[in-house]
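Dropping upload-v9.txt in here (compact mmCIF, C-alpha atoms):
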# COMPACT_ATOMS: atom_id res chain seq x y z
CA MET C 1 -9.64 7.61 1.72
CA ASP C 2 -7.91 4.23 1.74
CA ALA C 3 -6.82 2.43 4.91
CA TRP C 4 -3.78 0.18 5.35
CA TYR C 5 -3.35 -2.25 8.27
CA HIS C 6 0.06 -2.39 9.89
CA ASN C 7 1.36 -4.90 12.46
CA GLU C 8 4.95 -4.48 13.67
CA ILE C 9 4.98 -8.12 14.89
CA THR C 10 6.49 -7.16 18.23
CA TYR C 11 7.94 -9.54 20.83
CA PRO C 12 6.97 -8.18 24.27
CA PHE C 13 7.65 -11.33 26.28
CA VAL C 14 11.19 -10.68 27.49
CA PRO C 15 11.10 -10.36 31.31
CA GLN C 16 11.19 -6.79 32.51
CA ASP C 17 14.22 -7.34 34.74
CA ILE C 18 16.16 -8.46 31.65
CA LEU C 19 15.07 -5.36 29.74
CA ASP C 20 16.03 -3.13 32.66
CA ARG C 21 19.59 -4.48 32.59
CA ALA C 22 19.95 -4.56 28.80
CA ASP C 23 21.88 -1.94 26.86
CA SER C 24 18.94 -1.75 24.44
CA VAL C 25 15.91 -3.62 23.16
CA ARG C 26 17.18 -3.36 19.59
CA ALA C 27 20.55 -4.35 18.15
CA SER C 28 22.24 -5.71 21.31
CA LEU C 29 19.62 -7.69 23.29
CA PRO C 30 20.74 -11.36 23.12
CA ASN C 31 18.41 -13.44 20.99
CA LYS C 32 18.51 -16.25 23.54
CA TYR C 33 15.51 -14.45 25.03
CA CYS C 34 13.48 -15.07 21.86
CA ASP C 35 11.54 -18.34 21.97
CA PRO C 36 11.12 -19.57 18.36
CA LYS C 37 7.81 -21.23 19.28
CA ILE C 38 6.40 -17.92 20.51
CA ALA C 39 7.82 -16.16 17.43
CA ALA C 40 6.15 -18.71 15.15
CA ASP C 41 2.82 -18.15 16.90
CA LEU C 42 3.18 -14.38 16.52
CA PHE C 43 3.89 -14.67 12.80
CA GLU C 44 0.92 -17.00 12.34
CA GLU C 45 -1.42 -14.63 14.19
CA SER C 46 -0.14 -11.65 12.22
CA LEU C 47 -0.66 -13.41 8.90
CA ASP C 48 -4.20 -14.32 9.97
CA GLU C 49 -4.82 -10.64 10.70
CA PHE C 50 -3.57 -9.66 7.24
CA LEU C 51 -5.85 -12.26 5.64
CA LEU C 52 -8.76 -10.93 7.70
CA CYS C 53 -7.98 -7.45 6.34
CA ASP C 54 -8.14 -8.89 2.83
CA ASP C 55 -11.61 -10.27 3.58
CA GLU C 56 -12.78 -7.03 5.21
CA GLY C 57 -11.62 -4.59 2.51
CA LEU C 58 -8.48 -3.22 4.17
CA ASN C 59 -5.09 -2.93 2.50
CA VAL C 60 -2.01 -4.28 4.29
CA VAL C 61 1.50 -3.09 5.17
CA ALA C 62 4.74 -5.10 5.45
CA ILE C 63 7.48 -3.33 7.39
CA GLU C 64 11.08 -4.18 8.28
CA HIS C 65 13.20 -3.66 11.39
CA HIS C 66 16.23 -5.49 12.69
CA ALA C 67 17.56 -7.23 15.77
CA GLY C 68 15.11 -6.46 18.52
CA ILE C 69 11.78 -6.86 20.28
CA ASN C 70 10.19 -3.87 18.49
CA SER C 71 9.69 -6.04 15.42
CA LEU C 72 10.48 -9.61 14.42
CA LEU C 73 10.23 -8.79 10.74
CA GLY C 74 13.80 -8.42 9.53
CA ALA C 75 13.13 -9.82 6.05
CA ASN C 76 10.48 -7.73 4.32
CA PRO C 77 10.56 -9.60 0.98
CA LEU C 78 9.55 -12.87 2.68
CA LEU C 79 6.35 -11.33 3.99
CA LEU C 80 5.69 -9.63 0.66
CA GLY C 81 5.84 -12.98 -1.10
CA ILE C 82 3.43 -14.58 1.36
CA LEU C 83 0.96 -11.70 1.16
CA ALA C 84 1.20 -11.56 -2.63
CA ARG C 85 0.13 -15.21 -2.85
CA GLN C 86 -2.30 -15.51 0.07
CA THR C 87 -4.30 -12.29 -0.27
CA ARG C 88 -6.66 -11.72 -3.17
CA LYS C 89 -7.90 -8.11 -3.08
CA ALA C 90 -5.79 -6.05 -0.71
CA ARG C 91 -3.08 -3.78 -1.99
CA ILE C 92 0.26 -4.56 -0.33
CA LEU C 93 2.52 -1.73 0.81
CA SER C 94 6.15 -2.57 1.49
CA LEU C 95 7.22 0.00 4.06
CA GLY C 96 9.74 -1.25 3.53
CA THR C 97 12.97 -2.88 2.55
CA LEU C 98 15.76 -0.73 4.02
CA VAL C 99 17.40 -0.02 0.68
CA SER C 100 20.37 2.00 1.92
CA LEU C 101 21.53 -0.98 4.02
CA ARG C 102 21.41 -3.55 1.25
CA GLN C 103 24.39 -4.01 -1.05
CA GLU C 104 22.36 -4.95 -4.12
CA PRO C 105 19.53 -2.58 -5.17
CA VAL C 106 19.05 -4.66 -8.32
CA ARG C 107 18.19 -7.67 -6.17
CA ILE C 108 15.66 -5.52 -4.30
CA ALA C 109 14.11 -4.55 -7.64
CA GLU C 110 13.88 -8.24 -8.56
CA GLU C 111 12.10 -8.97 -5.27
CA TYR C 112 9.64 -6.15 -5.83
CA ALA C 113 8.96 -7.13 -9.44
CA THR C 114 8.37 -10.74 -8.44
CA ALA C 115 5.96 -9.78 -5.65
CA ASP C 116 4.11 -7.46 -8.02
CA VAL C 117 3.71 -10.22 -10.58
CA ILE C 118 2.60 -12.83 -8.01
CA SER C 119 0.02 -10.38 -6.64
CA ARG C 120 -1.03 -9.43 -10.20
CA GLY C 121 -0.35 -5.76 -9.69
CA ARG C 122 -1.22 -5.10 -6.06
CA LEU C 123 2.20 -4.03 -4.77
CA GLU C 124 3.08 -0.54 -3.53
CA ILE C 125 6.74 0.27 -2.84
CA GLY C 126 7.65 2.31 0.24
CA PHE C 127 11.17 3.52 1.00
CA VAL C 128 12.34 4.15 4.57
CA LYS C 129 15.55 5.71 5.82
CA SER C 130 17.41 3.54 8.30
CA GLY C 131 17.87 4.20 12.00
CA GLY C 132 21.19 4.18 13.83
CA SER C 133 20.75 0.73 15.36
CA GLU C 134 19.89 -0.76 11.98
CA MET C 135 22.98 0.74 10.41
CA ALA C 136 25.05 -0.90 13.13
CA SER C 137 23.24 -4.24 12.75
CA ASN C 138 23.83 -4.23 8.99
CA ASN C 139 27.43 -2.98 9.07
CA SER C 140 26.46 0.12 7.11
CA ASN C 141 28.24 3.48 7.01
CA PRO C 142 25.83 6.15 8.31
CA VAL C 143 27.87 9.01 6.83
CA VAL C 144 26.73 8.13 3.31
CA ASN C 145 23.32 6.73 4.25
CA ILE C 146 21.30 9.50 2.60
CA GLU C 147 23.36 9.37 -0.60
CA ARG C 148 22.92 5.59 -0.76
CA PHE C 149 19.20 5.97 -0.06
CA TRP C 150 18.53 8.16 -3.09
CA GLU C 151 20.93 6.34 -5.40
CA SER C 152 19.30 3.03 -4.43
CA ILE C 153 15.90 4.44 -5.31
CA ASP C 154 17.18 5.73 -8.65
CA LEU C 155 18.72 2.37 -9.54
CA ILE C 156 15.65 0.41 -8.40
CA THR C 157 13.39 2.67 -10.45
CA LYS C 158 15.47 2.30 -13.59
CA THR C 159 15.73 -1.46 -13.08
CA LEU C 160 11.96 -1.78 -12.79
CA THR C 161 11.23 0.39 -15.83
CA HIS C 162 13.99 -0.54 -18.31
CA GLN C 163 12.75 -3.04 -20.91
CA GLU C 164 15.24 -2.84 -23.77
CA GLY C 165 17.84 -5.34 -22.67
CA PRO C 166 20.84 -4.96 -20.36
CA PHE C 167 22.04 -1.58 -19.09
CA SER C 168 25.01 -0.68 -16.91
CA TRP C 169 25.08 1.55 -13.84
CA GLN C 170 28.13 3.52 -12.75
CA GLY C 171 27.09 5.40 -9.63
CA LYS C 172 28.88 6.79 -6.61
CA HIS C 173 27.91 3.88 -4.35
CA PHE C 174 26.69 1.15 -6.70
CA THR C 175 28.21 -0.34 -9.84
CA HIS C 176 26.46 -2.88 -12.07
CA ARG C 177 27.75 -3.94 -15.48
CA HIS C 178 24.70 -5.91 -16.55
CA VAL C 179 21.15 -5.15 -15.34
CA ASN C 180 18.25 -6.95 -17.00
CA ILE C 181 15.66 -8.38 -14.60
CA TRP C 182 13.04 -11.03 -15.29
CA PRO C 183 10.14 -10.79 -14.71
CA ARG C 184 9.43 -7.12 -15.17
CA PRO C 185 6.75 -5.75 -12.82
CA TRP C 186 3.06 -6.23 -13.55
CA GLN C 187 2.29 -2.52 -13.08
CA GLN C 188 3.67 -0.14 -15.69
CA PRO C 189 5.91 1.74 -15.59
CA HIS C 190 6.35 0.49 -11.99
CA PRO C 191 4.33 0.12 -8.77
CA ARG C 192 3.39 3.36 -7.02
CA MET C 193 6.18 4.62 -4.77
CA TRP C 194 6.03 6.02 -1.23
CA ALA C 195 8.62 7.39 1.18
CA ALA C 196 8.30 7.57 4.96
CA THR C 197 9.98 10.70 6.25
CA GLY C 198 9.21 13.62 8.49
CA ASP C 199 12.14 15.98 8.15
CA PRO C 200 11.55 18.85 5.73
CA ALA C 201 14.77 18.28 3.75
CA THR C 202 13.84 14.71 2.84
CA ALA C 203 10.18 15.60 2.35
CA SER C 204 11.30 18.20 -0.18
CA GLU C 205 13.14 15.60 -2.23
CA VAL C 206 10.15 13.25 -1.98
CA GLY C 207 8.04 16.09 -3.34
CA ARG C 208 10.34 16.74 -6.27
CA ARG C 209 10.13 13.06 -7.13
CA GLY C 210 6.34 12.99 -6.86
CA MET C 211 6.24 10.08 -4.42
CA ILE C 212 3.60 9.65 -1.73
CA ASN C 213 4.89 11.14 1.52
CA VAL C 214 3.80 9.15 4.57
CA LEU C 215 4.30 10.68 8.00
CA VAL C 216 4.54 8.17 10.86
CA LEU C 217 3.32 9.23 14.32
CA ARG C 218 4.33 12.85 13.75
CA GLY C 219 1.33 14.81 14.97
CA ALA C 220 -0.20 17.80 13.22
CA ASP C 221 2.64 20.30 13.56
CA GLU C 222 5.39 18.04 12.19
CA THR C 223 3.09 16.76 9.46
CA ASN C 224 2.20 20.27 8.31
CA ARG C 225 5.86 21.27 8.30
CA ALA C 226 6.89 18.30 6.16
CA TRP C 227 4.04 18.65 3.70
CA ALA C 228 4.64 22.38 3.35
CA ALA C 229 8.24 21.59 2.41
CA TYR C 230 7.00 18.96 -0.05
CA ARG C 231 4.72 21.44 -1.79
CA GLN C 232 7.26 24.27 -1.74
CA ALA C 233 9.93 22.07 -3.30
CA ARG C 234 7.61 21.20 -6.17
CA ALA C 235 6.73 24.85 -6.71
CA GLU C 236 10.39 25.89 -6.74
CA ALA C 237 11.16 23.15 -9.24
CA GLY C 238 8.34 24.30 -11.52
CA LEU C 239 6.43 21.04 -11.05
CA PRO C 240 2.63 20.77 -11.01
CA LYS C 241 0.78 21.04 -7.71
CA VAL C 242 -0.46 17.81 -6.19
CA GLY C 243 -3.58 16.85 -4.30
CA THR C 244 -4.20 14.76 -1.21
CA ASP C 245 -3.48 11.56 -3.15
CA HIS C 246 0.22 12.30 -2.58
CA PHE C 247 -0.04 12.25 1.22
CA ALA C 248 -0.49 9.57 3.87
CA TYR C 249 -0.50 9.51 7.65
CA ALA C 250 0.31 6.62 10.00
CA ALA C 251 -1.11 6.44 13.52
CA LEU C 252 -1.99 3.92 16.19
CA VAL C 253 -5.66 3.00 15.70
CA TYR C 254 -8.10 0.87 17.69
CA VAL C 255 -11.89 0.68 17.55
CA GLY C 256 -13.88 -0.77 20.45
CA ASP C 257 -17.59 -1.36 20.95
CA THR C 258 -17.63 1.69 23.23
CA HIS C 259 -15.36 4.67 23.51
CA GLU C 260 -14.09 3.47 26.88
CA GLU C 261 -13.27 0.00 25.56
CA GLY C 262 -11.53 1.41 22.52
CA VAL C 263 -9.33 3.69 24.61
CA GLU C 264 -8.55 0.97 27.16
CA ILE C 265 -7.47 -1.60 24.59
CA GLY C 266 -6.01 0.95 22.19
CA SER C 267 -3.67 2.22 24.90
CA LYS C 268 -1.86 -1.13 24.65
CA LEU C 269 -0.52 0.06 21.30
CA LEU C 270 1.64 2.59 23.15
CA TRP C 271 3.91 -0.28 24.20
CA PHE C 272 5.78 0.19 20.93
CA LEU C 273 6.58 3.81 21.78
CA ASN C 274 7.35 3.25 25.43
CA THR C 275 9.95 0.60 24.67
CA SER C 276 11.81 3.16 22.56
CA LEU C 277 13.50 4.46 25.72
CA LYS C 278 16.07 1.74 25.15
CA SER C 279 15.43 1.09 21.47
CA ALA C 280 19.07 1.41 20.42
CA PRO C 281 22.44 0.93 22.12
CA GLN C 282 24.12 4.10 23.26
CA PHE C 283 26.81 3.88 20.58
CA ALA C 284 24.19 4.03 17.84
CA ARG C 285 23.19 7.53 18.94
CA PHE C 286 26.70 8.81 18.28
CA LEU C 287 27.34 7.27 14.89
CA PRO C 288 28.62 10.05 12.60
CA GLY C 289 26.16 11.05 9.96
CA THR C 290 23.04 9.79 11.75
CA VAL C 291 21.77 13.34 12.20
CA PRO C 292 22.51 16.54 10.25
CA PRO C 293 25.55 18.41 11.60
CA GLN C 294 23.45 21.28 12.94
CA PHE C 295 21.57 18.86 15.20
CA ALA C 296 24.52 16.77 16.39
CA PRO C 297 25.06 18.79 19.61
CA GLU C 298 21.52 17.92 20.70
CA VAL C 299 22.43 14.24 20.80
CA TYR C 300 25.14 14.94 23.33
CA ARG C 301 22.97 17.28 25.38
CA SER C 302 20.07 14.82 25.55
CA ALA C 303 22.44 11.97 26.44
CA ASN C 304 23.53 13.96 29.49
CA GLY C 305 20.03 14.63 30.70
CA HIS C 306 19.49 18.02 29.08
CA LYS C 307 16.23 18.81 27.33
CA PRO C 308 16.76 18.64 23.56
CA SER C 309 15.74 21.46 21.28
CA ALA C 310 13.68 21.06 18.10
CA SER C 311 15.05 18.72 15.47
CA GLY C 312 14.03 15.81 13.30
CA ALA C 313 14.94 13.40 16.11
CA LYS C 314 12.91 15.29 18.72
CA ASN C 315 9.66 13.64 17.71
CA ASN C 316 10.91 10.15 18.51
CA ARG C 317 12.24 11.19 21.90
CA ALA C 318 9.05 13.05 22.74
CA LEU C 319 6.98 9.90 22.21
CA ILE C 320 8.79 7.96 24.94
CA GLY C 321 6.47 7.51 27.91
CA ILE C 322 3.63 9.41 26.25
CA SER C 323 0.27 9.02 27.99
CA THR C 324 -2.88 7.78 26.30
CA GLU C 325 -4.52 11.18 26.63
CA GLU C 326 -1.53 13.04 25.19
CA ALA C 327 -1.19 10.57 22.34
CA MET C 328 -4.83 11.08 21.39
CA GLU C 329 -4.53 14.85 21.70
CA ARG C 330 -1.50 14.93 19.40
CA GLY C 331 -3.00 12.68 16.76
CA ILE C 332 -0.63 9.80 17.53
CA LEU C 333 -3.45 7.49 18.70
CA PHE C 334 -6.99 7.32 17.35
CA ALA C 335 -8.97 5.18 19.78
CA GLY C 336 -12.56 4.83 20.95
CA SER C 337 -15.89 3.79 19.49
CA PRO C 338 -16.50 3.78 15.73
CA ASP C 339 -18.02 7.26 15.95
CA THR C 340 -15.28 8.80 18.07
CA VAL C 341 -12.47 7.23 16.04
CA TYR C 342 -13.99 8.58 12.84
CA GLU C 343 -14.29 12.02 14.45
CA GLN C 344 -10.65 11.93 15.63
CA ILE C 345 -9.39 10.98 12.18
CA MET C 346 -11.40 13.68 10.47
CA ASP C 347 -10.34 16.29 13.03
CA PHE C 348 -6.69 15.47 12.29
CA TYR C 349 -7.47 15.39 8.57
CA GLY C 350 -8.69 18.98 8.80
CA LYS C 351 -5.64 20.14 10.77
CA VAL C 352 -3.17 18.91 8.15
CA GLY C 353 -5.08 19.79 4.99
CA GLY C 354 -6.15 16.27 4.09
CA PHE C 355 -4.61 12.96 3.04
CA ASP C 356 -5.89 10.04 1.00
CA ASN C 357 -4.20 7.20 2.87
CA LEU C 358 -4.44 6.23 6.54
CA VAL C 359 -1.88 3.67 7.73
CA MET C 360 -3.26 2.16 10.93
CA VAL C 361 -0.95 0.44 13.39
CA GLY C 362 -3.52 -1.94 14.85
CA HIS C 363 -1.51 -4.46 16.89
CA SER C 364 1.47 -4.02 19.18
CA GLY C 365 2.79 -5.04 22.57
CA PHE C 366 0.52 -7.08 24.81
CA MET C 367 -2.62 -6.60 22.74
CA THR C 368 -4.06 -10.04 22.06
CA HIS C 369 -4.73 -11.52 18.66
CA VAL C 370 -8.44 -11.64 19.46
CA GLU C 371 -8.47 -7.96 20.41
CA ALA C 372 -6.62 -7.04 17.23
CA GLU C 373 -9.06 -8.96 15.02
CA GLN C 374 -12.04 -7.39 16.77
CA GLY C 375 -10.54 -3.95 16.17
CA ILE C 376 -9.97 -4.75 12.49
CA LYS C 377 -13.58 -5.84 12.01
CA ARG C 378 -15.05 -2.80 13.75
CA PHE C 379 -12.82 -0.41 11.83
CA ALA C 380 -13.52 -2.09 8.48
CA ARG C 381 -17.28 -2.32 8.98
CA GLU C 382 -18.09 0.88 10.86
CA VAL C 383 -15.33 3.42 10.18
CA LEU C 384 -13.87 2.61 6.77
CA PRO C 385 -17.14 3.02 4.81
CA ARG C 386 -17.35 6.61 6.07
CA LEU C 387 -13.69 7.28 5.23
CA LYS C 388 -14.28 5.92 1.73
CA GLU C 389 -16.75 8.74 1.24
CA VAL C 390 -14.05 11.36 1.84
CA ALA C 391 -13.28 12.52 -1.68
CA PRO C 392 -9.69 13.38 -2.69
CA ILE C 393 -8.83 17.07 -2.73
CA SER C 394 -7.32 17.99 -6.06
CA ALA C 395 -4.41 20.38 -6.42
CA LEU C 396 -5.40 24.01 -5.91

Let me see the file written as structure tokens.
Amino acid sequence: MDAWYHNEITYPFVPQDILDRADSVRASLPNKYCDPKIAADLFEESLDEFLLCDDEGLNVVAIEHHAGINSLLGANPLLLGILARQTRKARILSLGTLVSLRQEPVRIAEEYATADVISRGRLEIGFVKSGGSEMASNNSNPVVNIERFWESIDLITKTLTHQEGPFSWQGKHFTHRHVNIWPRPWQQPHPRMWAATGDPATASEVGRRGMINVLVLRGADETNRAWAAYRQARAEAGLPKVGTDHFAYAALVYVGDTHEEGVEIGSKLLWFLNTSLKSAPQFARFLPGTVPPQFAPEVYRSANGHKPSASGAKNNRALIGISTEEAMERGILFAGSPDTVYEQIMDFYGKVGGFDNLVMVGHSGFMTHVEAEQGIKRFAREVLPRLKEVAPISAL
């Protein structure tokens, strides 16, 4: 099993009374509350953590969110370029540039190819569907978001793999007369591709395409549902079965010297979830096309205080205000000593049928840089060697 370190680069220093009065903590919170000096320090600390991961044998993850305290990283390619040059061994997962929001997929392909060349073949490409607040922040039409998502991926893939001179693209959402990027990527035919999704419909398409399906903070039930859809879609399409190398799981992870210390410090990671209560302005929840039509009534019911029924959006709502104990029980948080964290990961591994990649969110909220680096070292030195011994499960 491989492990990938993930830092959202959060900004938790806005006074609580400001947050209480704000429409949201993402998209509409005025940026006058962001001190550039503090932001610079946070970026510097985060980069130091990534470089520590490189030294300790962990891979790294570069994410992207927009316009809020949940993440300062609104420009994924910038971090990719830094990591490509400054790290030496770690594989770098972009999880990722929000392709359906960008107007130029070819430019995204150029950014990926450049990062892959600078890193000499250590890039992994992860595609993520956009949230409602990010569609609003980027002036994107949510009604066609899914169509743009898949067409962007198709165009990026062809751009990365085509080597015989210019080609043209006449799609539904993108038109390019002349596509011919330099440099082409280091890895052939292209870097390995991932997609972060939890709803069965999207997981099915990810399965048909043979991409790695990463589930983020979904728990065992949602993960099993998505991966069952992934496998079923491949079977229905007459495609070969796949093993655990096609699956990844992302959770909050912290390792302390003792179980008690690990749980105490690891609980700080829940800040990211607990701020989601006001993660997006109210209007973003009602943007047409942000949820499938069959689930749209739930948005209105939940907005009026009614308990929502099951849907793809339910998981995010259910995480708001989650306790440390519940998060650990659900497989959202793995925290404790090296022994107990390893046991928690392997228990979850058994519940979902295995996965070859663990994405560990190791720093968020008011966790200090020192605490994060201590957690990285303990995980890398006392947990990761045991995970490396977990052999992939081939297709049955």

May I ask which of the residues C:Ile376, C:Val255, C:Val61, C:Met211 is the closest one to Tyr342 in chain C, counting only C-alpha atoms? C:Val255

Find the residue from C:Thr161, C:Ser152, C:Gln232, C:Thr258 that sits nearest to Trp186 in chain C; use all atoms listed in the file when measuring.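 Closest residue, counting all atoms listed in the file: C:Thr161.
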
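The smallest atom-to-atom distance between Val128 in chain C and any of C:Tyr349, C:Ile92, C:Thr202, C:Asn70, using only C-alpha atoms, is found for C:Thr202.
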
Near Tyr230 in chain C, counting all atoms listed in the file, which residues have an atom at most 9 Å away, once you skip same-chain residues fewer than 4 positions from it, shown as a ChimeraX atom specification? /C:200-208,213,225-226,234-235

Separation of CA of Gly375 in chain C and CA of Pro191 in chain C, in Å?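 Atom-to-atom, CA of Gly375 in chain C to CA of Pro191 in chain C, that is 29.3 Å.
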
Kindly indicate which residue among C:Ser100, C:Asn139, C:Ser94, C:Ser133 lies nearest to Leu79 in chain C, using all atoms listed in the file for the distances.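 Once distances to Leu79 in chain C are computed over all atoms listed in the file, the minimum belongs to C:Ser94.
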
What's around Ile69 in chain C at 9 Å? Count all atoms listed in the file, leave out sequence neighbours fewer than 2 positions away in its own chain, and write the answer as an mmCIF file with C-alpha atoms, keeping the file's coordinate frame.
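Generated output (part06.cif):
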data_model
loop_
_atom_site.group_PDB
_atom_site.id
_atom_site.type_symbol
_atom_site.label_atom_id
_atom_site.label_comp_id
_atom_site.auth_asym_id
_atom_site.auth_seq_id
_atom_site.Cartn_x
_atom_site.Cartn_y
_atom_site.Cartn_z
ATOM 1 C CA ILE C 9 4.980 -8.120 14.890
ATOM 2 C CA THR C 10 6.490 -7.160 18.230
ATOM 3 C CA TYR C 11 7.940 -9.540 20.830
ATOM 4 C CA PRO C 12 6.970 -8.180 24.270
ATOM 5 C CA PHE C 13 7.650 -11.330 26.280
ATOM 6 C CA VAL C 14 11.190 -10.680 27.490
ATOM 7 C CA VAL C 25 15.910 -3.620 23.160
ATOM 8 C CA ARG C 26 17.180 -3.360 19.590
ATOM 9 C CA LEU C 29 19.620 -7.690 23.290
ATOM 10 C CA CYS C 34 13.480 -15.070 21.860
ATOM 11 C CA HIS C 66 16.230 -5.490 12.690
ATOM 12 C CA ALA C 67 17.560 -7.230 15.770
ATOM 13 C CA SER C 71 9.690 -6.040 15.420
ATOM 14 C CA LEU C 72 10.480 -9.610 14.420
ATOM 15 C CA THR C 275 9.950 0.600 24.670
ATOM 16 C CA SER C 279 15.430 1.090 21.470
#

What separation in Å, quoted to one decimal, exists between CA of Gly266 in chain C and CA of Ala327 in chain C? 10.8 Å

Which residue out of C:Ile265, C:Ile118, C:Leu358, C:Ala250 has the minimum interatomic distance to Ala372 in chain C when all atoms listed in the file are used? C:Ile265

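Comparing C:Val179, C:Lys37, C:Ile63, C:Asp48 by their smallest distance to Pro105 in chain C, the closest is C:Val179 (using all atoms listed in the file).
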
Fewer than 6 positions away in the same chain doesn't count, so skip those; otherwise give me all residues within 10 Å of Thr223 in chain C, counting only C-alpha atoms, as a VMD selection string. chain C and resid 197 to 200 213 to 217 229 247 to 249 351 to 353

Between CA of Ser28 in chain C and CA of Ile108 in chain C, what distance in Å does the model show, to one decimal?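 Going from CA of Ser28 in chain C over to CA of Ile108 in chain C covers 26.4 Å.
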
Could you write out as JSON the box around range 96-114 of chain C (axis-aligned, all atoms listed in the file, 3 Å on each side), with centre and edge lengths in Å to one decimal?
{"center_x": 16.4, "center_y": -4.4, "center_z": -2.7, "size_x": 22.0, "size_y": 18.7, "size_z": 19.5}

Spatial neighbours of Gln86 in chain C, max dist 10 Å, all atoms listed in the file, sep filter under 3 positions, as a PDB file with C-alpha atoms, in the frame of the given file:
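The new file part.pdb reads:
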ATOM      1  CA  LEU C  47      -0.660 -13.410   8.900  1.00  0.00           C
ATOM      2  CA  PHE C  50      -3.570  -9.660   7.240  1.00  0.00           C
ATOM      3  CA  LEU C  51      -5.850 -12.260   5.640  1.00  0.00           C
ATOM      4  CA  ASP C  54      -8.140  -8.890   2.830  1.00  0.00           C
ATOM      5  CA  LEU C  80       5.690  -9.630   0.660  1.00  0.00           C
ATOM      6  CA  GLY C  81       5.840 -12.980  -1.100  1.00  0.00           C
ATOM      7  CA  ILE C  82       3.430 -14.580   1.360  1.00  0.00           C
ATOM      8  CA  LEU C  83       0.960 -11.700   1.160  1.00  0.00           C
ATOM      9  CA  LYS C  89      -7.900  -8.110  -3.080  1.00  0.00           C
ATOM     10  CA  ILE C 118       2.600 -12.830  -8.010  1.00  0.00           C
ATOM     11  CA  SER C 119       0.020 -10.380  -6.640  1.00  0.00           C
TER      12      SER C 119
END

Using the partial input, fill out range 223-234 of chain C with N, CA and C atoms; write the result as an mmCIF file, keeping the file's coordinate frame.
data_model
loop_
_atom_site.group_PDB
_atom_site.id
_atom_site.type_symbol
_atom_site.label_atom_id
_atom_site.label_comp_id
_atom_site.auth_asym_id
_atom_site.auth_seq_id
_atom_site.Cartn_x
_atom_site.Cartn_y
_atom_site.Cartn_z
ATOM 1 N N THR C 223 3.658 17.157 10.747
ATOM 2 C CA THR C 223 3.090 16.760 9.460
ATOM 3 C C THR C 223 2.918 17.982 8.559
ATOM 4 N N ASN C 224 2.365 19.051 9.092
ATOM 5 C CA ASN C 224 2.200 20.270 8.310
ATOM 6 C C ASN C 224 3.535 20.824 7.827
ATOM 7 N N ARG C 225 4.538 20.754 8.685
ATOM 8 C CA ARG C 225 5.860 21.270 8.300
ATOM 9 C C ARG C 225 6.441 20.465 7.138
ATOM 10 N N ALA C 226 6.337 19.141 7.226
ATOM 11 C CA ALA C 226 6.890 18.300 6.160
ATOM 12 C C ALA C 226 6.127 18.495 4.857
ATOM 13 N N TRP C 227 4.815 18.534 4.933
ATOM 14 C CA TRP C 227 4.040 18.650 3.700
ATOM 15 C C TRP C 227 4.137 20.033 3.073
ATOM 16 N N ALA C 228 4.379 21.055 3.909
ATOM 17 C CA ALA C 228 4.640 22.380 3.350
ATOM 18 C C ALA C 228 5.950 22.386 2.573
ATOM 19 N N ALA C 229 6.967 21.693 3.116
ATOM 20 C CA ALA C 229 8.240 21.590 2.410
ATOM 21 C C ALA C 229 8.088 20.813 1.117
ATOM 22 N N TYR C 230 7.287 19.771 1.139
ATOM 23 C CA TYR C 230 7.000 18.960 -0.050
ATOM 24 C C TYR C 230 6.416 19.836 -1.150
ATOM 25 N N ARG C 231 5.387 20.600 -0.789
ATOM 26 C CA ARG C 231 4.720 21.440 -1.790
ATOM 27 C C ARG C 231 5.626 22.568 -2.280
ATOM 28 N N GLN C 232 6.380 23.163 -1.359
ATOM 29 C CA GLN C 232 7.260 24.270 -1.740
ATOM 30 C C GLN C 232 8.351 23.786 -2.692
ATOM 31 N N ALA C 233 8.875 22.600 -2.435
ATOM 32 C CA ALA C 233 9.930 22.070 -3.300
ATOM 33 C C ALA C 233 9.406 21.857 -4.723
ATOM 34 N N ARG C 234 8.188 21.397 -4.844
ATOM 35 C CA ARG C 234 7.610 21.200 -6.170
ATOM 36 C C ARG C 234 7.410 22.546 -6.867
#
